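Asks: Quick one: the structure is below, and I'll ask about it shortly.
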2 protein chains.
Amino acid sequence: MARTAGSHAETTGPRVREAAQRLIARHGYAAVSMRQIAAEVGVQAGALYLYTPDKQTLLYDLMRLHMEELLATVEALPPLDDPRAALDRFARFHIGHHLDRPEAVFIAYMELRNLTPENFAAIEALRRRYEEGLAAILRDGVARGAFALPDLRLATRAIIAMLTGVTHWFRDMGPMGRDEVAACYAEMVLKTVAAP
Amino acid sequence: MARTAGSHAETTGPRVREAAQRLIARHGYAAVSMRQIAAEVGVQAGALYLYTPDKQTLLYDLMRLHMEELLATVEALPPLDDPRAALDRFARFHIGHHLDRPEAVFIAYMELRNLTPENFAAIEALRRRYEEGLAAILRDGVARGAFALPDLRLATRAIIAMLTGVTHWFRDMGPMGRDEVAACYAEMVLKTVAAP
DNA sequence: AAGGTATCTGAACGCCGGTTCAGTTCAAGC
DNA sequence: GCTTGAACTGAACCGGCGTTCAGATACCTT
């Protein structure tokens, strides 16, 4: 056998990435084989190499696309003058965006160590750029007296860790809805950095 | 060749666990082979099976021992009446304890999905018991008017996520010392749940 | 000194890993 | 309808995987 009926690169390519994302999020990069990904797509393992040069690049592309989408979305938001409003929106955006993409988020936070040093550096740079967006909000808030915090860098990381933590336990069908959860987190974040 | 000079179960056993902890923390459970662990100990792969029935149990034991030590330590702390003092101490304890054991902490948070369902349930139960310790502090603080928070369970998880996040970036030799970092976090945590 | 046991080696087992490639089939353009 | 190239198969390559076990050696007891 060879080429199968109804096969197209435009559909198979994305399906490879989707299958890889689903499997890697569930079992981890090292525990997932190219043959498993291929089986999920309904294809032999060799065919995957029409869509990725190797397994490592497949992982890297998943993480890069996720980070690029995250940055593009957050940087497209219209600026807000009030620091409190900006922080509130950031918290709600972060939670909403992450809850919409649990698999990509999981991979982005768990598979960093499986990247080659060069790929790691590239992802890390994107991550820092996102972090800097929050840091700018906090810095502005401190300068204008709305916020008070012991250390800017530390507060930035603490808030992101707190917000991202929601993806570890949130499940639809739970007692709280997404917006309700986001509102609670936004309230706590604002208190965390509020000026006395 | 066979038994090597100076070999003792009391020294090799712990060395196996230490090597496994170091390697798994660095590369991940699925990416580390029994032969790599054996090489780190200075032994052939077969010898590991004198100290663990299989690779899965080796991982499980690492996580169980870590959680048991964490629980034993936190539950041995003398009670504090003031909710604010209790929360402050919890935050500092959590950060200090976790910064002392970066490898065990990393494994405990990253390798949950590589546990068998039974082992996962056991670890999850220990984790919930730890979480409940913090929840009790918050609940008491709310009842006595010291704290105000939108949702107890959510606040508990948010605080633990925030505090544990420190292990992802903290490095000795950085600009801040451990106690300084712990103090900053404690201050932020207290503000997060403070009554208005 | 001798015997017994604890400790480890080294080789083997069967299986699965990522990756390559010659060959086969489908689909689209002329 | 024919040709051409894109899409895929199936088998192979070489290496590593977790695990087992018979045999060899070191240590401890007496």
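Chain labels run A, B, ... following the order of the structure tokens; each chain numbers its residues from 1, and ligands are numbered from 1 in the order shown.
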If you run DSSP over the backbone, which residues in region 17-105 of chain A end up alpha helix (DSSP H)? Put them as number ranges by chain.
Replies: A: 17-27, 34-41, 55-75, 83-100, 102-105
Asks: Skipping near chain neighbours, those fewer than 6 positions away, what residues fall within 9 Å of region 19-25 of chain D using only C-alpha atoms (C1' of nucleotides), listed as a PyMOL selection string?
Replies: (chain B and resi 1-5+46+49+54) or (chain C and resi 7-9+12-13)
Asks: The selected residues should be written to file as an mmCIF file, in the first residue's frame (atoms: N, CA and C atoms (P, O5', C5', C4', C3', O3' and C1' of nucleotides)).
Replies:
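Result file out_22.cif:
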data_model
loop_
_atom_site.group_PDB
_atom_site.id
_atom_site.type_symbol
_atom_site.label_atom_id
_atom_site.label_comp_id
_atom_site.auth_asym_id
_atom_site.auth_seq_id
_atom_site.Cartn_x
_atom_site.Cartn_y
_atom_site.Cartn_z
ATOM 1 N N MET B 1 33.459 -11.192 37.409
ATOM 2 C CA MET B 1 33.418 -10.406 38.655
ATOM 3 C C MET B 1 32.076 -10.570 39.363
ATOM 4 N N ALA B 2 32.014 -10.203 40.615
ATOM 5 C CA ALA B 2 30.735 -10.289 41.329
ATOM 6 C C ALA B 2 30.696 -9.238 42.437
ATOM 7 N N ARG B 3 30.550 -9.649 43.642
ATOM 8 C CA ARG B 3 30.457 -8.671 44.733
ATOM 9 C C ARG B 3 31.708 -7.799 44.747
ATOM 10 N N THR B 4 31.511 -6.494 44.879
ATOM 11 C CA THR B 4 32.648 -5.580 44.825
ATOM 12 C C THR B 4 33.095 -5.208 46.229
ATOM 13 N N ALA B 5 34.319 -4.756 46.325
ATOM 14 C CA ALA B 5 34.902 -4.437 47.628
ATOM 15 C C ALA B 5 34.160 -3.285 48.297
ATOM 16 N N GLY B 46 21.359 -4.654 36.935
ATOM 17 C CA GLY B 46 20.695 -5.731 37.665
ATOM 18 C C GLY B 46 20.741 -5.552 39.172
ATOM 19 N N TYR B 49 17.852 -4.055 41.396
ATOM 20 C CA TYR B 49 16.655 -4.815 41.762
ATOM 21 C C TYR B 49 16.801 -5.508 43.105
ATOM 22 N N ASP B 54 10.850 -2.599 41.139
ATOM 23 C CA ASP B 54 10.825 -2.121 39.748
ATOM 24 C C ASP B 54 10.979 -0.607 39.710
ATOM 25 P P DT C 7 23.380 -7.039 51.692
ATOM 26 O "O5'" DT C 7 24.234 -7.017 50.344
ATOM 27 C "C5'" DT C 7 25.634 -6.782 50.408
ATOM 28 C "C4'" DT C 7 26.236 -6.985 49.037
ATOM 29 C "C3'" DT C 7 25.589 -6.166 47.917
ATOM 30 O "O3'" DT C 7 26.529 -5.183 47.519
ATOM 31 C "C1'" DT C 7 26.132 -8.378 47.225
ATOM 32 P P DC C 8 26.081 -4.059 46.458
ATOM 33 O "O5'" DC C 8 26.445 -4.732 45.061
ATOM 34 C "C5'" DC C 8 27.821 -4.876 44.711
ATOM 35 C "C4'" DC C 8 27.961 -5.856 43.578
ATOM 36 C "C3'" DC C 8 27.435 -5.386 42.227
ATOM 37 O "O3'" DC C 8 28.532 -4.953 41.426
ATOM 38 C "C1'" DC C 8 27.059 -7.720 42.643
ATOM 39 P P DT C 9 28.240 -4.501 39.907
ATOM 40 O "O5'" DT C 9 28.613 -5.846 39.143
ATOM 41 C "C5'" DT C 9 29.895 -6.409 39.318
ATOM 42 C "C4'" DT C 9 30.057 -7.614 38.416
ATOM 43 C "C3'" DT C 9 29.921 -7.326 36.926
ATOM 44 O "O3'" DT C 9 30.951 -8.026 36.248
ATOM 45 C "C1'" DT C 9 28.362 -9.006 37.572
ATOM 46 P P DA C 12 25.237 -13.806 25.849
ATOM 47 O "O5'" DA C 12 23.668 -14.048 25.893
ATOM 48 C "C5'" DA C 12 23.156 -14.969 26.849
ATOM 49 C "C4'" DA C 12 21.792 -14.506 27.278
ATOM 50 C "C3'" DA C 12 20.843 -14.178 26.130
ATOM 51 O "O3'" DA C 12 19.957 -15.262 25.928
ATOM 52 C "C1'" DA C 12 20.646 -12.651 27.987
ATOM 53 P P DC C 13 19.001 -15.285 24.658
ATOM 54 O "O5'" DC C 13 17.642 -14.662 25.182
ATOM 55 C "C5'" DC C 13 17.069 -15.127 26.400
ATOM 56 C "C4'" DC C 13 15.836 -14.292 26.693
ATOM 57 C "C3'" DC C 13 15.122 -13.850 25.419
ATOM 58 O "O3'" DC C 13 13.934 -14.622 25.264
ATOM 59 C "C1'" DC C 13 15.418 -12.020 26.967
#
Asks: Please report as a list in words which residues of chain C come no farther than 8 Å from chain A, using only C-alpha atoms (C1' of nucleotides).
Replies: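 So the residues of chain C near chain A are DG17, DG18, DT19, DT24, DT25 and DC26 of chain C.
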Asks: Write out as JSON lines a residue-level contact list of chain A versus chain B with cut-off 9 Å: for each qualifying residue the closest pair of atoms and the distance in Å to one decimal, counting only C-alpha atoms, rows sorted by chain and residue number upward.
Replies:
{"residue": "A:Arg26", "atom": "CA", "partner": "B:Arg113", "partner_atom": "CA", "distance": 7.7}
{"residue": "A:His27", "atom": "CA", "partner": "B:Arg113", "partner_atom": "CA", "distance": 6.8}
{"residue": "A:Gly28", "atom": "CA", "partner": "B:Ala30", "partner_atom": "CA", "distance": 8.1}
{"residue": "A:Tyr29", "atom": "CA", "partner": "B:Ala30", "partner_atom": "CA", "distance": 8.6}
{"residue": "A:Ala30", "atom": "CA", "partner": "B:Ala31", "partner_atom": "CA", "distance": 5.6}
{"residue": "A:Ala31", "atom": "CA", "partner": "B:Ala30", "partner_atom": "CA", "distance": 5.6}
{"residue": "A:Met110", "atom": "CA", "partner": "B:Met110", "partner_atom": "CA", "distance": 6.8}
{"residue": "A:Arg113", "atom": "CA", "partner": "B:His27", "partner_atom": "CA", "distance": 6.8}
{"residue": "A:Asn114", "atom": "CA", "partner": "B:His27", "partner_atom": "CA", "distance": 7.4}
{"residue": "A:Leu149", "atom": "CA", "partner": "B:Met188", "partner_atom": "CA", "distance": 7.6}
{"residue": "A:Pro150", "atom": "CA", "partner": "B:Cys184", "partner_atom": "CA", "distance": 5.8}
{"residue": "A:Asp151", "atom": "CA", "partner": "B:Cys184", "partner_atom": "CA", "distance": 7.2}
{"residue": "A:Leu154", "atom": "CA", "partner": "B:Cys184", "partner_atom": "CA", "distance": 8.0}
{"residue": "A:Ala155", "atom": "CA", "partner": "B:Met188", "partner_atom": "CA", "distance": 8.0}
{"residue": "A:Arg157", "atom": "CA", "partner": "B:Gly165", "partner_atom": "CA", "distance": 7.6}
{"residue": "A:Ala158", "atom": "CA", "partner": "B:Met162", "partner_atom": "CA", "distance": 5.1}
{"residue": "A:Ile159", "atom": "CA", "partner": "B:Met162", "partner_atom": "CA", "distance": 6.8}
{"residue": "A:Ile160", "atom": "CA", "partner": "B:Met162", "partner_atom": "CA", "distance": 7.9}
{"residue": "A:Ala161", "atom": "CA", "partner": "B:Met162", "partner_atom": "CA", "distance": 5.1}
{"residue": "A:Met162", "atom": "CA", "partner": "B:Met162", "partner_atom": "CA", "distance": 4.5}
{"residue": "A:Leu163", "atom": "CA", "partner": "B:Ala158", "partner_atom": "CA", "distance": 7.3}
{"residue": "A:Thr164", "atom": "CA", "partner": "B:Ala161", "partner_atom": "CA", "distance": 8.2}
{"residue": "A:Gly165", "atom": "CA", "partner": "B:Ala161", "partner_atom": "CA", "distance": 5.5}
{"residue": "A:Val166", "atom": "CA", "partner": "B:Ala158", "partner_atom": "CA", "distance": 7.4}
{"residue": "A:Trp169", "atom": "CA", "partner": "B:Arg157", "partner_atom": "CA", "distance": 8.7}
{"residue": "A:Val181", "atom": "CA", "partner": "B:Leu154", "partner_atom": "CA", "distance": 8.0}
{"residue": "A:Ala183", "atom": "CA", "partner": "B:Pro150", "partner_atom": "CA", "distance": 9.0}
{"residue": "A:Cys184", "atom": "CA", "partner": "B:Pro150", "partner_atom": "CA", "distance": 5.8}
{"residue": "A:Tyr185", "atom": "CA", "partner": "B:Ala158", "partner_atom": "CA", "distance": 8.0}
{"residue": "A:Glu187", "atom": "CA", "partner": "B:Pro150", "partner_atom": "CA", "distance": 7.8}
{"residue": "A:Met188", "atom": "CA", "partner": "B:Thr192", "partner_atom": "CA", "distance": 5.4}
{"residue": "A:Val189", "atom": "CA", "partner": "B:Thr192", "partner_atom": "CA", "distance": 6.8}
{"residue": "A:Leu190", "atom": "CA", "partner": "B:Thr192", "partner_atom": "CA", "distance": 7.9}
{"residue": "A:Lys191", "atom": "CA", "partner": "B:Thr192", "partner_atom": "CA", "distance": 5.1}
{"residue": "A:Thr192", "atom": "CA", "partner": "B:Thr192", "partner_atom": "CA", "distance": 4.3}
{"residue": "A:Val193", "atom": "CA", "partner": "B:Met188", "partner_atom": "CA", "distance": 7.2}
{"residue": "A:Ala194", "atom": "CA", "partner": "B:Lys191", "partner_atom": "CA", "distance": 8.0}
Asks: Would you list the contacts of Val16 (chain A) as a PyMOL selection string, taking every protein, DNA or RNA residue within 12 Å and counting only C-alpha atoms (C1' of nucleotides), but skipping same-chain residues closer than 3 positions in sequence?
Replies: chain A and resi 9-13+19-24+34-45+47-52+55+58-59+61-62
Asks: With a cut-off of 10 Å and counting only C-alpha atoms (C1' of nucleotides), select all residues of chain D in contact with chain A and give the selection as a list of chain:residue names.
Replies: D:DA6, D:DA7, D:DC8, D:DT9, D:DG10
Asks: At a cut-off of 12 Å, using only C-alpha atoms (C1' of nucleotides), what residues contact DT30 (chain D)? Leave out same-chain residues fewer than 3 positions from it and give the result as a VMD selection string.
Replies: chain C and resid 1 to 4
Asks: So what do you get for CA of Ile107 (chain B) versus CA of Met63 (chain B), distance-wise?
Replies: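 Pair CA of Ile107 (chain B) / CA of Met63 (chain B) returns 7.1 Å.
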Asks: May I have the residues within 8 Å of region 120-128 of chain A as a ChimeraX atom specification, using only C-alpha atoms (C1' of nucleotides) and disregarding those fewer than 2 positions away in the same chain?
Replies: /A:63-64,67-68,71,112-113,115-118,130-132
Asks: One decimal, in Å: what's the spacing between CA of Ala146 (chain B) and CA of Pro79 (chain B)?
Replies: 17.0 Å
